[in-house]
$ cat final.cif   # mmCIF, C-alpha atoms and all ligand atoms
data_final
loop_
_atom_site.label_atom_id
_atom_site.label_comp_id
_atom_site.auth_asym_id
_atom_site.auth_seq_id
_atom_site.Cartn_x
_atom_site.Cartn_y
_atom_site.Cartn_z
CA MET A 1 -2.39 -1.28 6.12
CA ALA A 2 -5.20 -3.62 5.19
CA THR A 3 -8.26 -5.52 6.22
CA VAL A 4 -8.05 -9.31 6.24
CA SER A 5 -11.04 -11.56 5.69
CA LEU A 6 -11.47 -15.30 5.94
CA ARG A 7 -14.51 -16.79 4.21
CA ASN A 8 -15.36 -20.35 5.22
CA VAL A 9 -11.67 -21.30 5.20
CA LYS A 10 -11.09 -25.04 5.48
CA LYS A 11 -7.98 -27.21 5.50
CA SER A 12 -7.49 -30.94 5.21
CA PHE A 13 -4.24 -32.90 5.20
CA GLY A 14 -5.14 -35.99 3.18
CA LYS A 15 -8.38 -37.25 4.69
CA THR A 16 -7.90 -35.43 8.00
CA ASP A 17 -9.93 -32.22 8.38
CA VAL A 18 -7.85 -29.80 10.46
CA ILE A 19 -9.69 -26.47 9.96
CA HIS A 20 -13.44 -26.83 9.66
CA GLY A 21 -14.57 -23.49 8.25
CA ILE A 22 -13.40 -20.22 9.79
CA ASN A 23 -15.08 -16.86 9.09
CA ILE A 24 -13.83 -13.49 10.28
CA ASP A 25 -13.51 -9.92 9.02
CA ILE A 26 -10.47 -8.22 10.53
CA ALA A 27 -10.43 -4.42 10.52
CA ASP A 28 -7.56 -2.29 9.31
CA GLY A 29 -5.07 -1.96 12.19
CA GLU A 30 -6.79 -4.51 14.40
CA PHE A 31 -4.76 -6.87 16.65
CA ILE A 32 -6.34 -10.32 16.53
CA VAL A 33 -5.08 -13.10 18.80
CA ILE A 34 -5.74 -16.71 17.80
CA VAL A 35 -5.64 -18.76 20.99
CA GLY A 36 -6.22 -22.42 21.76
CA PRO A 37 -4.50 -25.59 22.93
CA SER A 38 -1.67 -27.30 21.08
CA GLY A 39 -2.83 -29.07 17.91
CA CYS A 40 -6.10 -27.10 17.45
CA GLY A 41 -4.96 -25.63 14.11
CA LYS A 42 -3.62 -22.18 14.98
CA SER A 43 -0.38 -22.44 13.01
CA THR A 44 -2.14 -24.02 10.05
CA LEU A 45 -4.60 -21.12 9.92
CA LEU A 46 -1.80 -18.54 10.11
CA ARG A 47 0.28 -20.38 7.50
CA MET A 48 -2.68 -20.27 5.11
CA VAL A 49 -2.87 -16.48 5.52
CA ALA A 50 0.90 -16.34 4.93
CA GLY A 51 0.67 -18.50 1.81
CA LEU A 52 2.93 -21.19 3.30
CA GLU A 53 0.02 -23.66 3.21
CA THR A 54 -2.66 -23.96 0.53
CA VAL A 55 -6.35 -23.45 1.36
CA THR A 56 -8.46 -26.58 0.78
CA SER A 57 -11.61 -24.48 0.30
CA GLY A 58 -12.85 -20.99 1.08
CA GLU A 59 -11.29 -17.62 0.45
CA ILE A 60 -8.67 -15.41 2.11
CA SER A 61 -8.52 -11.71 1.22
CA ILE A 62 -5.93 -9.12 2.20
CA GLY A 63 -7.11 -5.59 1.39
CA ASP A 64 -9.23 -5.87 -1.75
CA ARG A 65 -7.29 -8.84 -3.18
CA VAL A 66 -8.19 -12.50 -2.90
CA VAL A 67 -4.78 -14.01 -2.12
CA ASN A 68 -5.50 -17.76 -2.38
CA GLY A 69 -3.35 -18.14 -5.50
CA LEU A 70 -0.55 -15.77 -4.48
CA GLU A 71 2.95 -16.67 -3.28
CA PRO A 72 4.00 -15.48 0.24
CA MET A 73 6.22 -12.75 -1.26
CA GLU A 74 3.24 -11.35 -3.20
CA ARG A 75 0.95 -11.07 -0.16
CA ASP A 76 2.21 -7.91 1.54
CA ILE A 77 2.66 -9.77 4.86
CA ALA A 78 5.59 -10.38 7.19
CA MET A 79 5.81 -13.29 9.59
CA VAL A 80 7.58 -13.55 12.96
CA PHE A 81 8.28 -17.12 14.10
CA GLN A 82 8.80 -18.73 17.49
CA ASN A 83 12.41 -19.74 16.78
CA TYR A 84 13.23 -16.34 15.18
CA ALA A 85 14.98 -18.09 12.27
CA LEU A 86 17.88 -15.61 12.37
CA TYR A 87 20.96 -16.32 10.24
CA PRO A 88 23.80 -17.11 12.69
CA HIS A 89 26.62 -16.06 10.35
CA MET A 90 25.11 -12.65 9.57
CA SER A 91 25.21 -9.48 11.67
CA VAL A 92 22.04 -7.92 13.07
CA PHE A 93 22.13 -5.37 10.25
CA GLU A 94 22.49 -8.08 7.61
CA ASN A 95 19.72 -10.16 9.16
CA MET A 96 17.34 -7.22 8.97
CA ALA A 97 18.50 -6.22 5.49
CA TYR A 98 18.37 -9.68 3.94
CA GLY A 99 14.71 -9.76 2.83
CA LEU A 100 15.01 -6.30 1.27
CA LYS A 101 18.18 -7.30 -0.57
CA ILE A 102 16.43 -10.35 -2.05
CA ALA A 103 13.53 -8.11 -3.12
CA GLY A 104 15.99 -5.85 -4.99
CA THR A 105 15.55 -2.77 -2.77
CA PRO A 106 18.24 -0.13 -3.50
CA LYS A 107 21.14 -0.07 -1.03
CA GLY A 108 20.49 3.43 0.34
CA GLU A 109 16.85 2.59 0.96
CA ILE A 110 17.85 -0.63 2.76
CA THR A 111 20.22 1.25 5.08
CA ALA A 112 17.58 3.89 5.85
CA ARG A 113 14.90 1.32 6.63
CA VAL A 114 17.15 -0.86 8.80
CA GLU A 115 18.37 2.18 10.75
CA GLU A 116 14.80 3.37 11.27
CA ALA A 117 13.70 -0.06 12.54
CA ALA A 118 16.80 -0.36 14.75
CA LYS A 119 15.94 2.96 16.36
CA LEU A 120 12.35 1.93 16.95
CA LEU A 121 13.50 -1.34 18.54
CA GLN A 122 16.47 0.08 20.47
CA LEU A 123 18.84 -2.11 18.51
CA GLU A 124 21.14 0.67 17.25
CA PRO A 125 24.12 -0.34 19.46
CA TYR A 126 23.92 -3.96 18.30
CA LEU A 127 23.80 -3.70 14.50
CA LYS A 128 27.28 -5.20 14.04
CA ARG A 129 26.79 -8.12 16.43
CA ARG A 130 25.93 -11.72 15.50
CA PRO A 131 22.75 -13.29 16.92
CA ARG A 132 24.74 -15.43 19.38
CA GLU A 133 26.05 -12.24 21.01
CA LEU A 134 22.51 -11.06 21.86
CA SER A 135 20.08 -11.80 24.68
CA GLY A 136 16.82 -13.64 23.99
CA GLY A 137 14.85 -10.40 24.06
CA GLN A 138 17.27 -8.71 21.64
CA ARG A 139 17.03 -11.65 19.22
CA GLN A 140 13.26 -11.36 19.36
CA ARG A 141 13.58 -7.66 18.51
CA VAL A 142 15.78 -8.49 15.52
CA ALA A 143 13.07 -10.87 14.29
CA MET A 144 10.57 -8.03 14.70
CA GLY A 145 12.93 -5.68 12.87
CA ARG A 146 13.17 -8.03 9.94
CA ALA A 147 9.38 -7.91 9.67
CA ILE A 148 9.12 -4.13 10.10
CA VAL A 149 11.67 -3.17 7.42
CA ARG A 150 9.50 -4.82 4.78
CA LYS A 151 6.73 -2.31 5.62
CA PRO A 152 4.02 -4.95 5.25
CA SER A 153 0.27 -4.34 5.55
CA VAL A 154 -0.13 -7.35 7.82
CA PHE A 155 2.03 -8.90 10.58
CA LEU A 156 1.67 -12.61 11.33
CA PHE A 157 3.10 -13.86 14.64
CA ASP A 158 3.36 -17.56 15.53
CA GLU A 159 4.03 -17.93 19.27
CA PRO A 160 6.86 -15.37 19.05
CA LEU A 161 7.50 -15.28 22.80
CA SER A 162 7.32 -18.93 23.76
CA ASN A 163 11.11 -19.36 23.93
CA LEU A 164 11.54 -16.51 26.43
CA ASP A 165 11.43 -16.69 30.21
CA ALA A 166 8.28 -15.50 31.99
CA LYS A 167 9.56 -12.05 32.96
CA LEU A 168 10.86 -11.23 29.50
CA ARG A 169 7.63 -12.53 27.96
CA VAL A 170 5.62 -9.95 29.89
CA GLN A 171 7.97 -7.16 28.80
CA MET A 172 8.04 -8.25 25.15
CA ARG A 173 4.29 -8.53 24.86
CA LEU A 174 4.01 -4.90 25.97
CA GLU A 175 6.70 -3.91 23.46
CA ILE A 176 5.04 -5.76 20.59
CA LYS A 177 1.66 -4.29 21.42
CA GLN A 178 3.04 -0.72 21.66
CA LEU A 179 4.91 -1.10 18.40
CA GLN A 180 1.84 -2.49 16.65
CA ARG A 181 -0.28 0.45 17.91
CA ARG A 182 2.34 2.91 16.78
CA LEU A 183 2.70 1.39 13.30
CA GLY A 184 -1.01 0.53 12.97
CA VAL A 185 -0.26 -2.70 11.12
CA THR A 186 -3.12 -5.23 11.07
CA SER A 187 -1.89 -8.23 13.08
CA LEU A 188 -2.73 -11.90 13.59
CA TYR A 189 -0.99 -13.28 16.64
CA VAL A 190 -1.03 -16.98 17.54
CA THR A 191 -0.49 -18.21 21.10
CA HIS A 192 -1.51 -21.07 23.39
CA ASP A 193 -1.29 -18.68 26.36
CA GLN A 194 -4.69 -17.30 27.38
CA VAL A 195 -3.11 -14.52 29.47
CA GLU A 196 -1.22 -13.30 26.43
CA ALA A 197 -4.48 -13.34 24.48
CA MET A 198 -6.43 -11.50 27.18
CA THR A 199 -3.82 -8.75 27.55
CA MET A 200 -2.88 -8.19 23.90
CA ALA A 201 -5.97 -8.76 21.78
CA ASP A 202 -8.39 -6.22 20.37
CA ARG A 203 -10.42 -9.33 19.57
CA MET A 204 -9.56 -12.96 20.09
CA ILE A 205 -10.47 -16.15 18.26
CA VAL A 206 -10.70 -19.10 20.65
CA MET A 207 -10.02 -22.25 18.65
CA ASN A 208 -10.90 -25.77 19.62
CA GLY A 209 -10.25 -28.70 17.29
CA GLY A 210 -10.21 -26.66 14.07
CA VAL A 211 -13.33 -24.66 14.96
CA ALA A 212 -13.55 -21.02 16.09
CA ASP A 213 -15.60 -21.59 19.26
CA GLN A 214 -15.83 -17.87 19.96
CA ILE A 215 -14.68 -14.59 18.45
CA GLY A 216 -14.86 -11.42 20.52
CA LYS A 217 -13.22 -8.81 22.70
CA PRO A 218 -11.29 -10.32 25.64
CA LEU A 219 -13.73 -9.06 28.28
CA GLU A 220 -16.73 -10.33 26.30
CA VAL A 221 -15.16 -13.75 25.95
CA TYR A 222 -14.08 -13.81 29.60
CA GLY A 223 -17.44 -12.57 30.89
CA ASN A 224 -19.65 -14.55 28.56
CA PRO A 225 -17.99 -17.72 27.26
CA GLN A 226 -20.17 -19.30 24.59
CA THR A 227 -19.08 -22.90 25.10
CA GLU A 228 -17.93 -25.00 27.99
CA PHE A 229 -14.56 -25.36 26.29
CA VAL A 230 -14.07 -21.57 26.10
CA GLY A 231 -15.05 -21.13 29.76
CA GLY A 232 -12.62 -23.85 30.87
CA PHE A 233 -9.76 -22.67 28.68
CA ILE A 234 -9.95 -18.96 29.47
CA GLY A 235 -10.70 -19.54 33.15
CA SER A 236 -7.87 -22.00 33.80
CA PRO A 237 -4.61 -20.88 35.40
CA PRO A 238 -1.77 -20.10 32.92
P1 LIG B 1 -1.34 -25.67 16.60
O1 LIG B 1 -0.51 -24.63 15.93
O2 LIG B 1 -2.63 -25.13 17.13
O3 LIG B 1 -0.59 -26.40 17.67
P2 LIG B 1 -1.24 -26.99 14.03
O4 LIG B 1 -1.90 -26.04 13.11
O5 LIG B 1 0.24 -27.05 14.01
O6 LIG B 1 -1.76 -26.76 15.52
O7 LIG B 1 -1.77 -28.45 13.73
C1 LIG B 1 -3.15 -28.76 13.66
C2 LIG B 1 -3.31 -30.22 13.28
O8 LIG B 1 -2.90 -30.41 11.94
C3 LIG B 1 -2.49 -31.17 14.13
O9 LIG B 1 -3.26 -32.33 14.37
C4 LIG B 1 -1.30 -31.46 13.24
O10 LIG B 1 -0.79 -32.74 13.53
C5 LIG B 1 -1.91 -31.41 11.86
N1 LIG B 1 -0.92 -30.98 10.83
C6 LIG B 1 -0.28 -29.78 10.78
N2 LIG B 1 0.52 -29.71 9.71
C7 LIG B 1 0.39 -30.90 9.07
C8 LIG B 1 0.95 -31.45 7.85
N3 LIG B 1 1.82 -30.75 7.11
N4 LIG B 1 0.57 -32.70 7.49
C9 LIG B 1 -0.30 -33.40 8.23
N5 LIG B 1 -0.88 -32.95 9.37
C10 LIG B 1 -0.55 -31.71 9.77
MG MG B 2 1.49 -24.01 16.31
#

$ encode --input "final.cif" --output "structure tokens"
Amino acid sequence: MATVSLRNVKKSFGKTDVIHGINIDIADGEFIVIVGPSGCGKSTLLRMVAGLETVTSGEISIGDRVVNGLEPMERDIAMVFQNYALYPHMSVFENMAYGLKIAGTPKGEITARVEEAAKLLQLEPYLKRRPRELSGGQRQRVAMGRAIVRKPSVFLFDEPLSNLDAKLRVQMRLEIKQLQRRLGVTSLYVTHDQVEAMTMADRMIVMNGGVADQIGKPLEVYGNPQTEFVGGFIGSPP
């Protein structure tokens, strides 16, 4: 597990400034939710931590390493996306094993890790199925499994539940939160849903136009919004 710190992290695309300077120290095992309206820069911020996007200025550290110059594979992170990005022609087992195979993990170790993750996620009966033979919730669990088997220090989630119906979303957010507590993996979780943020976060970052308007525990943010934007966003119906 690891701490994550962002030091005055900025991002521009050409002449457009998208992230204006974000600072936060995330504790080992903490669950941070980055929340804000569409287009405010949540995904860009997460992608910089993942190494999928370069940092224009500032510094990102994971554990005691500055990771600015490191490739995604070198960062000890695993990312779970909104569209799951599962391989349709591979079984559930193969989908979960794929990243480990690429990394050159020995076969026995791969089998052990996939079986362990499948147990944790209640996917054991489905290991031979293809993604199209699974429900939305099961596909989401496979995407989680693919992240877990890598045994990363940090999980990065980008709106992982937004393709699920409302009922399943509630169930899956509980499952993700329980799993994260159990594994103790430091997590950054992006959503545009303030209810998701309020119920899942240890601390939340409320973003508005590339700026962190407020960082704090959900009840602090709810009870004492620091800007009009935060008050309006958190207080509005989902
Ligand atoms: P969010 O995830 O909060 O919806 P994004 O991080 O995707 O927001 O986008 C933030 C802003 O950056 C948007 O205005 C978006 O159009 C812009 N943006 C994101 N990626 C790129 C890119 N590769 N090139 C140019 N502009 C981008
Ligand atoms: Mg996004």

$ axis_aligned_box --input "final.cif" --around "ligand LIG 1 (chain B)" --padding-each-side "3 Å" --output "JSON"
{"center_x": -0.7, "center_y": -29.0, "center_z": 12.4, "size_x": 11.1, "size_y": 14.8, "size_z": 16.6}

$ closest_residue --input "final.cif" --among "A:Arg169, A:Lys119, A:Lys151, A:Arg47" --to "ligand MG 2 (chain B)" --atoms "all atoms listed in the file"
A:Arg47

$ closest_residue --input "final.cif" --among "A:Gly137, A:Gly145, A:Pro160, A:Gly231" --to "ligand MG 2 (chain B)" --atoms "all atoms listed in the file"
A:Pro160

$ closest_residue --input "final.cif" --among "A:Ala212, A:Val66, A:Gly223, A:Val92" --to "Leu134 in chain A" --atoms "only C-alpha atoms"
A:Val92

$ closest_residue --input "final.cif" --among "A:Gly235, A:Gly136, A:Pro72, A:Pro88" --to "Ala50 in chain A" --atoms "all atoms listed in the file"
A:Pro72

$ residues_near_ligand --input "final.cif" --ligand "ligand MG 2 (chain B)" --cutoff "8 Å" --atoms "all atoms listed in the file" --output "PyMOL selection string"
chain A and resi 38-39+41-44+158-159+190-191

$ closest_residue --input "final.cif" --among "A:Asp202, A:Asp76, A:Asp25, A:Asp193" --to "ligand LIG 1 (chain B)" --atoms "all atoms listed in the file"
A:Asp193

$ closest_atom_pairs --input "final.cif" --of "chain A" --to "ligand LIG 1 (chain B)" --cutoff "12 Å" --atoms "all atoms listed in the file" --output "JSON lines"
{"residue": "A:Lys10", "atom": "CA", "partner": "B:LIG1", "partner_atom": "O8", "distance": 11.7}
{"residue": "A:Lys11", "atom": "CA", "partner": "B:LIG1", "partner_atom": "O8", "distance": 8.8}
{"residue": "A:Ser12", "atom": "CA", "partner": "B:LIG1", "partner_atom": "N5", "distance": 8.1}
{"residue": "A:Phe13", "atom": "CA", "partner": "B:LIG1", "partner_atom": "C9", "distance": 5.0}
{"residue": "A:Gly14", "atom": "CA", "partner": "B:LIG1", "partner_atom": "C9", "distance": 7.5}
{"residue": "A:Lys15", "atom": "CA", "partner": "B:LIG1", "partner_atom": "C9", "distance": 9.6}
{"residue": "A:Thr16", "atom": "CA", "partner": "B:LIG1", "partner_atom": "N5", "distance": 7.6}
{"residue": "A:Asp17", "atom": "CA", "partner": "B:LIG1", "partner_atom": "O8", "distance": 8.1}
{"residue": "A:Val18", "atom": "CA", "partner": "B:LIG1", "partner_atom": "O8", "distance": 5.2}
{"residue": "A:Ile19", "atom": "CA", "partner": "B:LIG1", "partner_atom": "C1", "distance": 7.9}
{"residue": "A:His20", "atom": "CA", "partner": "B:LIG1", "partner_atom": "C1", "distance": 11.2}
{"residue": "A:Ile34", "atom": "CA", "partner": "B:LIG1", "partner_atom": "O2", "distance": 9.0}
{"residue": "A:Val35", "atom": "CA", "partner": "B:LIG1", "partner_atom": "O2", "distance": 8.0}
{"residue": "A:Gly36", "atom": "CA", "partner": "B:LIG1", "partner_atom": "O2", "distance": 6.5}
{"residue": "A:Pro37", "atom": "CA", "partner": "B:LIG1", "partner_atom": "O2", "distance": 6.1}
{"residue": "A:Ser38", "atom": "CA", "partner": "B:LIG1", "partner_atom": "O3", "distance": 3.7}
{"residue": "A:Gly39", "atom": "CA", "partner": "B:LIG1", "partner_atom": "O6", "distance": 3.5}
{"residue": "A:Cys40", "atom": "CA", "partner": "B:LIG1", "partner_atom": "O2", "distance": 4.0}
{"residue": "A:Gly41", "atom": "CA", "partner": "B:LIG1", "partner_atom": "O4", "distance": 3.2}
{"residue": "A:Lys42", "atom": "CA", "partner": "B:LIG1", "partner_atom": "O2", "distance": 3.8}
{"residue": "A:Ser43", "atom": "CA", "partner": "B:LIG1", "partner_atom": "O1", "distance": 3.7}
{"residue": "A:Thr44", "atom": "CA", "partner": "B:LIG1", "partner_atom": "O4", "distance": 3.7}
{"residue": "A:Leu45", "atom": "CA", "partner": "B:LIG1", "partner_atom": "O4", "distance": 6.5}
{"residue": "A:Leu46", "atom": "CA", "partner": "B:LIG1", "partner_atom": "O4", "distance": 8.1}
{"residue": "A:Arg47", "atom": "CA", "partner": "B:LIG1", "partner_atom": "O4", "distance": 8.3}
{"residue": "A:Met48", "atom": "CA", "partner": "B:LIG1", "partner_atom": "O4", "distance": 9.9}
{"residue": "A:Leu52", "atom": "CA", "partner": "B:LIG1", "partner_atom": "N3", "distance": 10.4}
{"residue": "A:Glu53", "atom": "CA", "partner": "B:LIG1", "partner_atom": "N3", "distance": 8.3}
{"residue": "A:Thr54", "atom": "CA", "partner": "B:LIG1", "partner_atom": "N3", "distance": 10.5}
{"residue": "A:Phe81", "atom": "CA", "partner": "B:LIG1", "partner_atom": "O1", "distance": 11.7}
{"residue": "A:Gln82", "atom": "CA", "partner": "B:LIG1", "partner_atom": "O1", "distance": 11.1}
{"residue": "A:Phe157", "atom": "CA", "partner": "B:LIG1", "partner_atom": "O1", "distance": 11.4}
{"residue": "A:Asp158", "atom": "CA", "partner": "B:LIG1", "partner_atom": "O1", "distance": 8.1}
{"residue": "A:Glu159", "atom": "CA", "partner": "B:LIG1", "partner_atom": "O1", "distance": 8.8}
{"residue": "A:Tyr189", "atom": "CA", "partner": "B:LIG1", "partner_atom": "O1", "distance": 11.4}
{"residue": "A:Val190", "atom": "CA", "partner": "B:LIG1", "partner_atom": "O1", "distance": 7.8}
{"residue": "A:Thr191", "atom": "CA", "partner": "B:LIG1", "partner_atom": "O1", "distance": 8.2}
{"residue": "A:His192", "atom": "CA", "partner": "B:LIG1", "partner_atom": "O2", "distance": 7.5}
{"residue": "A:Asp193", "atom": "CA", "partner": "B:LIG1", "partner_atom": "O2", "distance": 11.3}
{"residue": "A:Ile205", "atom": "CA", "partner": "B:LIG1", "partner_atom": "O2", "distance": 12.0}
{"residue": "A:Val206", "atom": "CA", "partner": "B:LIG1", "partner_atom": "O2", "distance": 10.7}
{"residue": "A:Met207", "atom": "CA", "partner": "B:LIG1", "partner_atom": "O2", "distance": 8.1}
{"residue": "A:Asn208", "atom": "CA", "partner": "B:LIG1", "partner_atom": "O2", "distance": 8.7}
{"residue": "A:Gly209", "atom": "CA", "partner": "B:LIG1", "partner_atom": "C1", "distance": 8.0}
{"residue": "A:Gly210", "atom": "CA", "partner": "B:LIG1", "partner_atom": "C1", "distance": 7.4}
{"residue": "A:Val211", "atom": "CA", "partner": "B:LIG1", "partner_atom": "O2", "distance": 10.9}
{"residue": "A:Ala212", "atom": "CA", "partner": "B:LIG1", "partner_atom": "O2", "distance": 11.7}

$ closest_atom_pairs --input "final.cif" --of "range 116-204 of chain A" --to "range 95-99 of chain A" --cutoff "12 Å" --atoms "all atoms listed in the file" --output "Markdown table"
| residue | atom | partner | partner_atom | distance |
| --- | --- | --- | --- | --- |
| A:Glu116 | CA | A:Met96 | CA | 11.1 |
| A:Ala117 | CA | A:Met96 | CA | 8.8 |
| A:Ala118 | CA | A:Met96 | CA | 9.0 |
| A:Leu121 | CA | A:Met96 | CA | 11.9 |
| A:Leu123 | CA | A:Met96 | CA | 10.9 |
| A:Tyr126 | CA | A:Asn95 | CA | 11.8 |
| A:Leu127 | CA | A:Met96 | CA | 9.2 |
| A:Lys128 | CA | A:Asn95 | CA | 10.3 |
| A:Arg129 | CA | A:Asn95 | CA | 10.3 |
| A:Arg130 | CA | A:Asn95 | CA | 9.0 |
| A:Pro131 | CA | A:Asn95 | CA | 8.9 |
| A:Arg139 | CA | A:Asn95 | CA | 10.5 |
| A:Gln140 | CA | A:Met96 | CA | 11.9 |
| A:Arg141 | CA | A:Met96 | CA | 10.3 |
| A:Val142 | CA | A:Met96 | CA | 6.9 |
| A:Ala143 | CA | A:Met96 | CA | 7.7 |
| A:Met144 | CA | A:Met96 | CA | 8.9 |
| A:Gly145 | CA | A:Met96 | CA | 6.1 |
| A:Arg146 | CA | A:Met96 | CA | 4.4 |
| A:Ala147 | CA | A:Met96 | CA | 8.0 |
| A:Ile148 | CA | A:Met96 | CA | 8.9 |
| A:Val149 | CA | A:Met96 | CA | 7.1 |
| A:Arg150 | CA | A:Gly99 | CA | 7.4 |
| A:Lys151 | CA | A:Gly99 | CA | 11.3 |
| A:Pro152 | CA | A:Gly99 | CA | 12.0 |

$ residues_around --input "final.cif" --residues "Ile60 in chain A" --least-positions-apart "2" --cutoff "8 Å" --atoms "only C-alpha atoms" --output "short mmCIF file (atom, residue, chain, number, x, y, z; two decimals) with C-alpha atoms, in the coordinates of the input"
data_model
loop_
_atom_site.label_atom_id
_atom_site.label_comp_id
_atom_site.auth_asym_id
_atom_site.auth_seq_id
_atom_site.Cartn_x
_atom_site.Cartn_y
_atom_site.Cartn_z
CA VAL A 4 -8.05 -9.31 6.24
CA SER A 5 -11.04 -11.56 5.69
CA LEU A 6 -11.47 -15.30 5.94
CA ARG A 7 -14.51 -16.79 4.21
CA VAL A 9 -11.67 -21.30 5.20
CA VAL A 49 -2.87 -16.48 5.52
CA GLY A 58 -12.85 -20.99 1.08
CA ILE A 62 -5.93 -9.12 2.20
CA VAL A 66 -8.19 -12.50 -2.90
CA VAL A 67 -4.78 -14.01 -2.12
CA ASN A 68 -5.50 -17.76 -2.38
#

$ closest_residue --input "final.cif" --among "A:Ala2, A:Val195, A:Leu179, A:Leu168" --to "Leu120 in chain A" --atoms "only C-alpha atoms"
A:Leu179

$ residues_around --input "final.cif" --residues "Thr199 in chain A" --least-positions-apart "3" --cutoff "10 Å" --atoms "all atoms listed in the file" --output "short mmCIF file (atom, residue, chain, number, x, y, z; two decimals) with C-alpha atoms, keeping the file's coordinate frame"
data_model
loop_
_atom_site.label_atom_id
_atom_site.label_comp_id
_atom_site.auth_asym_id
_atom_site.auth_seq_id
_atom_site.Cartn_x
_atom_site.Cartn_y
_atom_site.Cartn_z
CA VAL A 33 -5.08 -13.10 18.80
CA VAL A 170 5.62 -9.95 29.89
CA ARG A 173 4.29 -8.53 24.86
CA LEU A 174 4.01 -4.90 25.97
CA LYS A 177 1.66 -4.29 21.42
CA GLN A 194 -4.69 -17.30 27.38
CA VAL A 195 -3.11 -14.52 29.47
CA GLU A 196 -1.22 -13.30 26.43
CA ASP A 202 -8.39 -6.22 20.37
CA PRO A 218 -11.29 -10.32 25.64
CA LEU A 219 -13.73 -9.06 28.28
#

$ atom_distance --input "final.cif" --atom1 "CA of Ile77 in chain A" --atom2 "CA of Gly29 in chain A"
13.2 Å

$ atom_distance --input "final.cif" --atom1 "CA of Met79 in chain A" --atom2 "CA of Leu156 in chain A"
4.5 Å

$ residues_around --input "final.cif" --residues "Thr3 in chain A" --least-positions-apart "5" --cutoff "9 Å" --atoms "all atoms listed in the file" --output "ChimeraX atom specification"
/A:25-30,61-64,153-154,186

$ atom_distance --input "final.cif" --atom1 "CA of Phe93 in chain A" --atom2 "CA of Thr111 in chain A"
8.6 Å
